[in-house]
file run34.txt (compact mmCIF, C-alpha atoms)
# COMPACT_ATOMS: atom_id res chain seq x y z
CA TYR M 30 0.00 0.00 0.00
CA SER M 31 1.06 3.65 -0.22
CA ARG M 32 0.82 6.35 2.39
CA LYS M 33 1.06 10.08 1.73
CA ILE M 34 3.39 11.91 4.13
CA ILE M 35 3.19 15.72 4.05
CA LEU M 36 5.98 17.41 6.01
CA ARG M 37 4.82 20.93 5.16
CA ASP M 38 1.57 22.61 4.28
CA PRO M 39 1.40 22.38 0.44
CA GLY M 40 -0.29 25.78 0.34
CA GLN M 41 2.84 27.46 1.72
CA ILE M 42 5.50 25.92 -0.54
CA LYS M 43 7.18 28.18 -3.13
CA ILE M 44 7.96 26.25 -6.33
CA GLY M 45 9.70 27.13 -9.59
CA ILE M 46 9.16 25.11 -12.78
CA ILE M 47 11.68 25.30 -15.61
CA GLY M 48 10.03 24.55 -18.95
CA GLY M 49 6.55 24.95 -20.38
CA GLY M 50 6.19 21.72 -22.29
CA TRP M 51 4.29 18.53 -21.57
CA SER M 52 6.04 17.89 -18.23
CA GLY M 53 5.98 21.47 -16.99
CA ILE M 54 2.27 22.11 -17.35
CA GLN M 55 1.46 18.63 -16.06
CA CYS M 56 3.48 19.37 -12.91
CA MET M 57 1.60 22.65 -12.53
CA ALA M 58 -1.75 20.86 -12.79
CA ARG M 59 -0.72 18.12 -10.35
CA LEU M 60 0.52 20.65 -7.79
CA LYS M 61 -2.86 22.34 -7.95
CA GLU M 62 -4.53 18.98 -7.27
CA LEU M 63 -2.30 18.51 -4.20
CA GLY M 64 -3.46 21.81 -2.71
CA VAL M 65 -0.66 24.14 -3.78
CA ASP M 66 -1.86 27.67 -4.59
CA VAL M 67 -0.22 27.76 -8.03
CA GLU M 68 -1.28 31.34 -8.84
CA LYS M 69 0.38 32.61 -5.67
CA ASN M 70 3.21 30.18 -4.92
CA VAL M 71 4.26 28.55 -8.22
CA LYS M 72 6.09 30.28 -11.05
CA GLY M 73 6.92 28.67 -14.37
CA PHE M 74 9.55 29.81 -16.86
CA GLU M 75 9.54 29.08 -20.58
CA ALA M 76 12.24 30.26 -23.01
CA HIS M 77 9.91 30.35 -26.02
CA THR M 78 6.80 32.34 -26.88
CA SER M 79 4.20 29.85 -25.64
CA PHE M 80 3.58 26.39 -24.25
CA GLY M 81 4.51 23.32 -26.27
CA GLY M 82 8.04 22.24 -25.40
CA THR M 83 9.12 19.60 -27.91
CA TRP M 84 6.00 20.40 -29.94
CA HIS M 85 6.58 24.18 -30.11
CA PRO M 86 7.39 25.35 -33.69
CA ALA M 87 10.84 26.52 -32.58
CA LEU M 88 11.76 22.99 -31.42
CA ARG M 89 9.47 20.88 -33.59
CA TYR M 90 11.42 19.16 -36.34
CA HIS M 91 9.84 18.19 -39.65
CA ASN M 92 7.31 15.35 -39.49
CA ILE M 93 7.64 14.80 -35.73
CA GLN M 94 4.91 12.66 -34.18
CA THR M 95 4.29 10.64 -31.04
CA HIS M 96 5.46 7.05 -31.11
CA SER M 97 2.73 5.86 -28.79
CA ALA M 98 -0.92 5.88 -29.76
CA MET M 99 -3.05 8.88 -28.85
CA TRP M 100 -5.15 6.84 -26.38
CA VAL M 101 -2.07 6.23 -24.19
CA SER M 102 -0.32 9.59 -24.70
CA SER M 103 -2.73 12.02 -23.12
CA PHE M 104 -3.20 13.75 -19.79
CA SER M 105 -5.31 11.97 -17.18
CA ASN M 106 -9.04 12.45 -17.80
CA TYR M 107 -8.31 14.89 -20.63
CA PRO M 108 -9.10 13.42 -24.06
CA TYR M 109 -8.00 14.79 -27.40
CA ASP M 110 -10.27 17.18 -29.23
CA LYS M 111 -12.56 15.74 -31.89
CA HIS M 112 -10.65 17.79 -34.48
CA ASP M 113 -7.32 16.07 -33.66
CA ARG M 114 -7.09 13.69 -36.57
CA ASP M 115 -6.22 10.01 -36.17
CA ASN M 116 -4.48 9.56 -39.53
CA THR M 117 -1.36 7.59 -38.61
CA ASP M 118 -2.73 4.67 -36.63
CA GLY M 119 -3.38 6.82 -33.60
CA LYS M 120 0.05 8.52 -33.55
CA VAL M 121 -0.46 12.25 -33.14
CA SER M 122 1.46 14.74 -35.31
CA GLY M 123 3.54 17.55 -33.80
CA GLU M 124 1.03 20.21 -34.83
CA GLU M 125 -1.86 18.31 -33.25
CA MET M 126 0.12 17.70 -30.06
CA GLU M 127 0.98 21.41 -29.77
CA ARG M 128 -2.73 22.28 -29.97
CA TYR M 129 -3.55 19.63 -27.37
CA VAL M 130 -0.89 20.86 -24.91
CA ASN M 131 -2.00 24.49 -25.27
CA ARG M 132 -5.67 23.55 -24.86
CA PHE M 133 -4.81 21.73 -21.62
CA ALA M 134 -2.80 24.73 -20.39
CA ASN M 135 -5.65 27.11 -21.24
CA ASP M 136 -8.24 25.01 -19.41
CA GLU M 137 -5.91 24.73 -16.41
CA LYS M 138 -5.36 28.52 -16.54
CA SER M 139 -1.59 27.97 -16.47
CA HIS M 140 -0.71 31.16 -18.37
CA SER M 141 -1.02 33.38 -15.29
CA SER M 142 1.66 31.30 -13.53
CA TYR M 143 4.19 31.32 -16.38
CA GLU M 144 6.73 33.80 -17.73
CA PHE M 145 7.43 33.31 -21.44
CA ASN M 146 10.52 34.37 -23.42
CA THR M 147 12.38 33.75 -20.17
CA ARG M 148 15.46 31.56 -20.05
CA VAL M 149 16.81 30.17 -16.78
CA LYS M 150 20.56 30.68 -16.86
CA LYS M 151 21.45 29.39 -13.41
CA VAL M 152 20.02 27.83 -10.26
CA MET M 153 21.70 29.09 -7.07
CA TYR M 154 21.07 26.92 -4.03
CA ASP M 155 21.52 28.16 -0.47
CA THR M 156 22.32 25.00 1.52
CA LYS M 157 21.88 26.74 4.89
CA LYS M 158 18.39 28.07 4.15
CA ARG M 159 17.54 25.20 1.80
CA LYS M 160 16.24 27.67 -0.75
CA ALA M 161 16.98 28.15 -4.47
CA THR M 162 17.11 31.36 -6.48
CA LEU M 163 16.91 31.41 -10.28
CA ILE M 164 18.94 33.71 -12.52
CA LEU M 165 16.79 34.64 -15.50
CA GLN M 166 17.41 36.20 -18.91
CA ASP M 167 15.10 37.53 -21.60
CA SER M 168 15.57 34.96 -24.38
CA ARG M 169 14.81 37.62 -27.02
CA SER M 170 17.84 39.71 -26.05
CA GLU M 171 21.61 39.25 -25.97
CA PRO M 172 22.68 36.95 -23.08
CA THR M 173 24.67 39.45 -20.98
CA PHE M 174 24.74 40.16 -17.24
CA LEU M 175 22.81 43.39 -17.96
CA ASN M 176 19.97 41.19 -19.14
CA GLU M 177 19.82 39.16 -15.92
CA ARG M 178 17.37 39.23 -13.05
CA LYS M 179 16.54 37.03 -10.09
CA SER M 180 13.42 35.12 -9.09
CA GLY M 181 12.78 33.34 -5.83
CA PRO M 182 13.66 32.09 -3.35
CA PHE M 183 11.97 28.74 -3.99
CA ASP M 184 11.58 25.72 -1.73
CA LEU M 185 11.57 23.42 -4.75
CA VAL M 186 12.71 23.77 -8.37
CA ILE M 187 11.40 21.26 -10.92
CA TYR M 188 13.46 20.93 -14.09
CA CYS M 189 11.25 20.04 -17.07
CA SER M 190 13.43 21.00 -20.03
CA LEU M 191 15.27 17.93 -21.29
CA ALA M 192 15.14 18.45 -25.07
CA SER M 193 15.47 22.20 -25.57
CA GLU M 194 19.13 22.42 -26.62
CA PRO M 195 20.66 20.52 -29.55
CA LYS M 196 23.78 18.53 -28.72
CA ILE M 197 26.00 17.17 -31.49
CA PRO M 198 28.74 14.81 -30.25
CA LYS M 199 32.31 15.34 -31.43
CA MET M 200 33.21 12.67 -33.99
CA LEU M 201 36.48 11.79 -35.70
CA GLY M 202 36.76 13.58 -39.05
CA GLN M 203 33.94 15.97 -38.31
CA ASP M 204 36.09 19.10 -38.78
CA SER M 205 37.16 18.08 -42.27
CA PHE M 206 33.69 16.97 -43.40
CA GLN M 207 32.59 19.16 -46.32
CA GLY M 208 28.88 18.35 -46.13
CA LYS M 209 26.13 19.70 -43.91
CA ILE M 210 25.60 18.52 -40.32
CA ILE M 211 22.10 19.07 -38.92
CA HIS M 212 20.82 18.24 -35.47
CA THR M 213 17.30 16.81 -35.47
CA LEU M 214 15.93 19.86 -33.63
CA ASN M 215 17.03 22.03 -36.55
CA PHE M 216 15.66 19.75 -39.28
CA LYS M 217 12.84 21.67 -40.97
CA LYS M 218 10.66 21.13 -44.03
CA GLU M 219 13.04 23.04 -46.31
CA ASP M 220 15.92 20.75 -45.29
CA CYS M 221 13.88 17.70 -46.26
CA GLU M 222 12.96 19.28 -49.58
CA ASP M 223 16.61 20.14 -50.27
CA ILE M 224 17.70 16.55 -49.63
CA ILE M 225 15.10 15.09 -51.97
CA SER M 226 15.38 17.64 -54.80
CA ASN M 227 19.20 17.37 -54.89
CA ASN M 228 19.35 13.61 -54.19
CA ARG M 229 21.78 14.15 -51.34
CA LYS M 230 23.42 11.18 -49.64
CA VAL M 231 22.33 11.17 -46.00
CA VAL M 232 23.54 9.32 -42.93
CA ILE M 233 21.30 9.30 -39.85
CA VAL M 234 23.34 8.84 -36.66
CA GLY M 235 21.56 7.44 -33.61
CA GLY M 236 18.77 5.02 -32.87
CA SER M 237 16.63 7.14 -30.53
CA LYS M 238 13.12 8.41 -31.16
CA ALA M 239 14.52 11.32 -33.15
CA GLY M 240 16.57 8.96 -35.32
CA CYS M 241 13.49 6.82 -35.95
CA ASP M 242 11.53 9.93 -36.90
CA MET M 243 14.16 10.91 -39.47
CA VAL M 244 14.02 7.46 -41.06
CA LEU M 245 10.22 7.55 -41.13
CA CYS M 246 10.28 11.02 -42.65
CA LEU M 247 12.49 9.97 -45.57
CA HIS M 248 10.70 6.65 -45.95
CA ARG M 249 7.32 8.37 -46.31
CA GLU M 250 8.77 10.52 -49.07
CA GLY M 251 9.94 7.39 -50.87
CA TYR M 252 13.55 8.48 -50.43
CA LYS M 253 16.15 5.70 -50.21
CA ASN M 254 19.53 7.44 -50.57
CA PHE M 255 20.39 7.26 -46.86
CA GLU M 256 22.14 5.05 -44.31
CA TRP M 257 21.16 4.57 -40.67
CA VAL M 258 23.94 4.11 -38.12
CA MET M 259 23.27 3.36 -34.45
CA PRO M 260 25.08 1.72 -31.51
CA LYS M 261 21.87 -0.02 -30.43
CA PRO M 262 18.20 0.04 -31.46
CA TYR M 263 15.64 2.38 -29.90
call {"tool": "encode", "arguments": {"input": "run34.txt", "output": "structure tokens"}}
result
Amino acid sequence: YSRKIILRDPGQIKIGIIGGGWSGIQCMARLKELGVDVEKNVKGFEAHTSFGGTWHPALRYHNIQTHSAMWVSSFSNYPYDKHDRDNTDGKVSGEEMERYVNRFANDEKSHSSYEFNTRVKKVMYDTKKRKATLILQDSRSEPTFLNERKSGPFDLVIYCSLASEPKIPKMLGQDSFQGKIIHTLNFKKEDCEDIISNNRKVVIVGGSKAGCDMVLCLHREGYKNFEWVMPKPY
């Protein structure tokens, strides 16, 4: 069995949430269910213009979709809208998922608790007081100390931003490679069109969800001039 142990009154806890994607707004909704006054004591920070996270246009790569069916990739007791099409065996497209996430955030009234275009540069933890302060920057401006401000202190900081920054590993021969290297996050429709129209030889590195999406993208276009390299399958 499970037993809930509350050491402090949930209504008095100050919480900061980094990220306004699927995880961030779900945490906000769950905290509200647990009795936390989210409008007063919870503050969320999102670097982009709106909710969406992975599904936001700035991070959404071409042809992204969920890998699990829509009936198992939804918020609890919150079904998809009747206009969200089931056209890929229940696997929701990036555009549909963005609409779903924003509809959930609107119904939960999460906007009033979030600051958009706000990037968290640093988390400073005071071990003596057991409090954390966030150093923030306006993501639309140059990242200088003149563009910094503080928020807090918080009793708890929840990090919900795992896929917001592209990371390309350093590989032997990469510096002398004359072709184009694109991280999945930066792969847009025009890149796909360029590959197909110019019959470019492509190698997809990695067997994660993103790697699978790239293979599916080219496969749906009937494109075969590519290789898929991975250390282990997804």
call {"tool": "closest_residue", "arguments": {"input": "run34.txt", "among": "M:Ser52, M:Ser142, M:Ser122, M:Thr147", "to": "Gly82 in chain M", "atoms": "only C-alpha atoms"}}
result
M:Ser52
call {"tool": "closest_residue", "arguments": {"input": "run34.txt", "among": "M:Lys72, M:Arg59, M:Lys217, M:Arg229", "to": "Glu144 in chain M", "atoms": "all atoms listed in the file"}}
result
M:Lys72
call {"tool": "atom_distance", "arguments": {"input": "run34.txt", "atom1": "CA of Ser102 in chain M", "atom2": "CA of Cys246 in chain M"}}
result
20.9 Å
call {"tool": "atom_distance", "arguments": {"input": "run34.txt", "atom1": "CA of Arg128 in chain M", "atom2": "CA of Lys150 in chain M"}}
result
28.0 Å
call {"tool": "residues_around", "arguments": {"input": "run34.txt", "residues": "Asn228 in chain M", "least_positions_apart": "3", "cutoff": "12 Å", "atoms": "all atoms listed in the file", "output": "ChimeraX atom specification"}}
result
/M:220-225,231,247,251-255
call {"tool": "atom_distance", "arguments": {"input": "run34.txt", "atom1": "CA of Pro195 in chain M", "atom2": "CA of Val101 in chain M"}}
result
27.4 Å
call {"tool": "residues_around", "arguments": {"input": "run34.txt", "residues": "Pro86 in chain M", "least_positions_apart": "2", "cutoff": "10 Å", "atoms": "only C-alpha atoms", "output": "VMD selection string"}}
result
chain M and resid 77 to 79 81 to 84 88 to 91 123 to 124 127 217
call {"tool": "closest_residue", "arguments": {"input": "run34.txt", "among": "M:Ser237, M:Ser170, M:Asn135, M:Gln41", "to": "Arg148 in chain M", "atoms": "only C-alpha atoms"}}
result
M:Ser170
call {"tool": "residues_around", "arguments": {"input": "run34.txt", "residues": "range 129-132 of chain M", "least_positions_apart": "6", "cutoff": "8 Å", "atoms": "all atoms listed in the file", "output": "list in words"}}
result
Gly50, Trp51, Phe80, Gly81, Tyr109 and Asp110 of chain M
call {"tool": "decode", "arguments": {"input": "run34.txt", "residues": "range 65-79 of chain M", "atoms": "all heavy atoms", "output": "PDB file, in the first residue's frame"}}
result
ATOM      1  N   VAL M  65      -1.568  23.005  -3.671  1.00  0.00           N
ATOM      2  CA  VAL M  65      -0.657  24.139  -3.779  1.00  0.00           C
ATOM      3  C   VAL M  65      -1.374  25.281  -4.497  1.00  0.00           C
ATOM      4  O   VAL M  65      -2.032  25.071  -5.527  1.00  0.00           O
ATOM      5  CB  VAL M  65       0.620  23.749  -4.554  1.00  0.00           C
ATOM      6  CG1 VAL M  65       1.544  24.957  -4.718  1.00  0.00           C
ATOM      7  CG2 VAL M  65       1.344  22.624  -3.828  1.00  0.00           C
ATOM      8  N   ASP M  66      -1.274  26.483  -3.948  1.00  0.00           N
ATOM      9  CA  ASP M  66      -1.855  27.668  -4.590  1.00  0.00           C
ATOM     10  C   ASP M  66      -0.920  28.085  -5.720  1.00  0.00           C
ATOM     11  O   ASP M  66       0.011  28.862  -5.525  1.00  0.00           O
ATOM     12  CB  ASP M  66      -2.003  28.789  -3.557  1.00  0.00           C
ATOM     13  CG  ASP M  66      -2.739  30.007  -4.108  1.00  0.00           C
ATOM     14  OD1 ASP M  66      -2.875  30.109  -5.349  1.00  0.00           O
ATOM     15  OD2 ASP M  66      -3.161  30.863  -3.313  1.00  0.00           O
ATOM     16  N   VAL M  67      -1.160  27.551  -6.928  1.00  0.00           N
ATOM     17  CA  VAL M  67      -0.217  27.761  -8.031  1.00  0.00           C
ATOM     18  C   VAL M  67      -0.171  29.216  -8.481  1.00  0.00           C
ATOM     19  O   VAL M  67       0.879  29.712  -8.913  1.00  0.00           O
ATOM     20  CB  VAL M  67      -0.539  26.833  -9.221  1.00  0.00           C
ATOM     21  CG1 VAL M  67      -0.361  25.377  -8.831  1.00  0.00           C
ATOM     22  CG2 VAL M  67      -1.935  27.074  -9.756  1.00  0.00           C
ATOM     23  N   GLU M  68      -1.285  29.944  -8.411  1.00  0.00           N
ATOM     24  CA  GLU M  68      -1.278  31.337  -8.838  1.00  0.00           C
ATOM     25  C   GLU M  68      -0.436  32.209  -7.916  1.00  0.00           C
ATOM     26  O   GLU M  68       0.169  33.190  -8.350  1.00  0.00           O
ATOM     27  CB  GLU M  68      -2.705  31.875  -8.906  1.00  0.00           C
ATOM     28  CG  GLU M  68      -3.543  31.238 -10.009  1.00  0.00           C
ATOM     29  CD  GLU M  68      -4.882  31.924 -10.171  1.00  0.00           C
ATOM     30  OE1 GLU M  68      -5.107  32.955  -9.499  1.00  0.00           O
ATOM     31  OE2 GLU M  68      -5.705  31.428 -10.957  1.00  0.00           O
ATOM     32  N   LYS M  69      -0.361  31.815  -6.662  1.00  0.00           N
ATOM     33  CA  LYS M  69       0.382  32.609  -5.674  1.00  0.00           C
ATOM     34  C   LYS M  69       1.785  32.083  -5.438  1.00  0.00           C
ATOM     35  O   LYS M  69       2.739  32.871  -5.311  1.00  0.00           O
ATOM     36  CB  LYS M  69      -0.397  32.623  -4.351  1.00  0.00           C
ATOM     37  CG  LYS M  69       0.287  33.384  -3.239  1.00  0.00           C
ATOM     38  CD  LYS M  69      -0.526  33.298  -1.959  1.00  0.00           C
ATOM     39  CE  LYS M  69       0.173  34.001  -0.807  1.00  0.00           C
ATOM     40  NZ  LYS M  69      -0.609  33.882   0.457  1.00  0.00           N
ATOM     41  N   ASN M  70       1.954  30.757  -5.405  1.00  0.00           N
ATOM     42  CA  ASN M  70       3.213  30.182  -4.923  1.00  0.00           C
ATOM     43  C   ASN M  70       4.024  29.406  -5.960  1.00  0.00           C
ATOM     44  O   ASN M  70       5.095  28.897  -5.638  1.00  0.00           O
ATOM     45  CB  ASN M  70       2.929  29.253  -3.741  1.00  0.00           C
ATOM     46  CG  ASN M  70       2.419  30.003  -2.527  1.00  0.00           C
ATOM     47  OD1 ASN M  70       2.716  31.184  -2.352  1.00  0.00           O
ATOM     48  ND2 ASN M  70       1.636  29.330  -1.700  1.00  0.00           N
ATOM     49  N   VAL M  71       3.517  29.281  -7.182  1.00  0.00           N
ATOM     50  CA  VAL M  71       4.261  28.552  -8.217  1.00  0.00           C
ATOM     51  C   VAL M  71       4.512  29.477  -9.399  1.00  0.00           C
ATOM     52  O   VAL M  71       3.605  30.176  -9.853  1.00  0.00           O
ATOM     53  CB  VAL M  71       3.492  27.298  -8.682  1.00  0.00           C
ATOM     54  CG1 VAL M  71       4.325  26.532  -9.709  1.00  0.00           C
ATOM     55  CG2 VAL M  71       3.156  26.402  -7.504  1.00  0.00           C
ATOM     56  N   LYS M  72       5.732  29.465  -9.883  1.00  0.00           N
ATOM     57  CA  LYS M  72       6.094  30.279 -11.045  1.00  0.00           C
ATOM     58  C   LYS M  72       6.807  29.393 -12.057  1.00  0.00           C
ATOM     59  O   LYS M  72       7.769  28.704 -11.738  1.00  0.00           O
ATOM     60  CB  LYS M  72       6.996  31.440 -10.627  1.00  0.00           C
ATOM     61  CG  LYS M  72       7.422  32.334 -11.772  1.00  0.00           C
ATOM     62  CD  LYS M  72       6.229  33.023 -12.426  1.00  0.00           C
ATOM     63  CE  LYS M  72       5.604  34.064 -11.542  1.00  0.00           C
ATOM     64  NZ  LYS M  72       4.532  34.827 -12.244  1.00  0.00           N
ATOM     65  N   GLY M  73       6.303  29.427 -13.296  1.00  0.00           N
ATOM     66  CA  GLY M  73       6.921  28.666 -14.372  1.00  0.00           C
ATOM     67  C   GLY M  73       7.680  29.576 -15.320  1.00  0.00           C
ATOM     68  O   GLY M  73       7.317  30.755 -15.486  1.00  0.00           O
ATOM     69  N   PHE M  74       8.723  29.026 -15.948  1.00  0.00           N
ATOM     70  CA  PHE M  74       9.551  29.811 -16.862  1.00  0.00           C
ATOM     71  C   PHE M  74       9.751  29.041 -18.165  1.00  0.00           C
ATOM     72  O   PHE M  74      10.181  27.885 -18.158  1.00  0.00           O
ATOM     73  CB  PHE M  74      10.910  30.111 -16.212  1.00  0.00           C
ATOM     74  CG  PHE M  74      10.788  30.784 -14.871  1.00  0.00           C
ATOM     75  CD1 PHE M  74      10.821  30.034 -13.701  1.00  0.00           C
ATOM     76  CD2 PHE M  74      10.617  32.150 -14.781  1.00  0.00           C
ATOM     77  CE1 PHE M  74      10.682  30.630 -12.462  1.00  0.00           C
ATOM     78  CE2 PHE M  74      10.483  32.771 -13.543  1.00  0.00           C
ATOM     79  CZ  PHE M  74      10.521  32.005 -12.373  1.00  0.00           C
ATOM     80  N   GLU M  75       9.428  29.694 -19.266  1.00  0.00           N
ATOM     81  CA  GLU M  75       9.535  29.083 -20.583  1.00  0.00           C
ATOM     82  C   GLU M  75      10.329  30.008 -21.504  1.00  0.00           C
ATOM     83  O   GLU M  75      10.029  31.200 -21.614  1.00  0.00           O
ATOM     84  CB  GLU M  75       8.144  28.819 -21.164  1.00  0.00           C
ATOM     85  CG  GLU M  75       8.098  28.444 -22.617  1.00  0.00           C
ATOM     86  CD  GLU M  75       8.969  27.243 -22.965  1.00  0.00           C
ATOM     87  OE1 GLU M  75       8.907  26.235 -22.236  1.00  0.00           O
ATOM     88  OE2 GLU M  75       9.720  27.322 -23.947  1.00  0.00           O
ATOM     89  N   ALA M  76      11.351  29.452 -22.175  1.00  0.00           N
ATOM     90  CA  ALA M  76      12.237  30.262 -23.012  1.00  0.00           C
ATOM     91  C   ALA M  76      11.586  30.708 -24.315  1.00  0.00           C
ATOM     92  O   ALA M  76      12.016  31.697 -24.917  1.00  0.00           O
ATOM     93  CB  ALA M  76      13.520  29.489 -23.312  1.00  0.00           C
ATOM     94  N   HIS M  77      10.549  30.016 -24.751  1.00  0.00           N
ATOM     95  CA  HIS M  77       9.915  30.353 -26.019  1.00  0.00           C
ATOM     96  C   HIS M  77       8.631  31.155 -25.811  1.00  0.00           C
ATOM     97  O   HIS M  77       8.305  31.530 -24.684  1.00  0.00           O
ATOM     98  CB  HIS M  77       9.665  29.072 -26.814  1.00  0.00           C
ATOM     99  CG  HIS M  77      10.930  28.411 -27.238  1.00  0.00           C
ATOM    100  ND1 HIS M  77      11.499  27.378 -26.502  1.00  0.00           N
ATOM    101  CD2 HIS M  77      11.760  28.630 -28.281  1.00  0.00           C
ATOM    102  CE1 HIS M  77      12.621  26.992 -27.083  1.00  0.00           C
ATOM    103  NE2 HIS M  77      12.805  27.737 -28.158  1.00  0.00           N
ATOM    104  N   THR M  78       7.919  31.402 -26.901  1.00  0.00           N
ATOM    105  CA  THR M  78       6.801  32.341 -26.875  1.00  0.00           C
ATOM    106  C   THR M  78       5.534  31.779 -26.250  1.00  0.00           C
ATOM    107  O   THR M  78       4.632  32.538 -25.882  1.00  0.00           O
ATOM    108  CB  THR M  78       6.465  32.792 -28.309  1.00  0.00           C
ATOM    109  OG1 THR M  78       6.218  31.614 -29.113  1.00  0.00           O
ATOM    110  CG2 THR M  78       7.639  33.562 -28.913  1.00  0.00           C
ATOM    111  N   SER M  79       5.426  30.455 -26.143  1.00  0.00           N
ATOM    112  CA  SER M  79       4.198  29.846 -25.638  1.00  0.00           C
ATOM    113  C   SER M  79       4.488  28.436 -25.148  1.00  0.00           C
ATOM    114  O   SER M  79       5.624  27.951 -25.236  1.00  0.00           O
ATOM    115  CB  SER M  79       3.127  29.816 -26.736  1.00  0.00           C
ATOM    116  OG  SER M  79       3.567  29.017 -27.827  1.00  0.00           O
TER     117      SER M  79
END
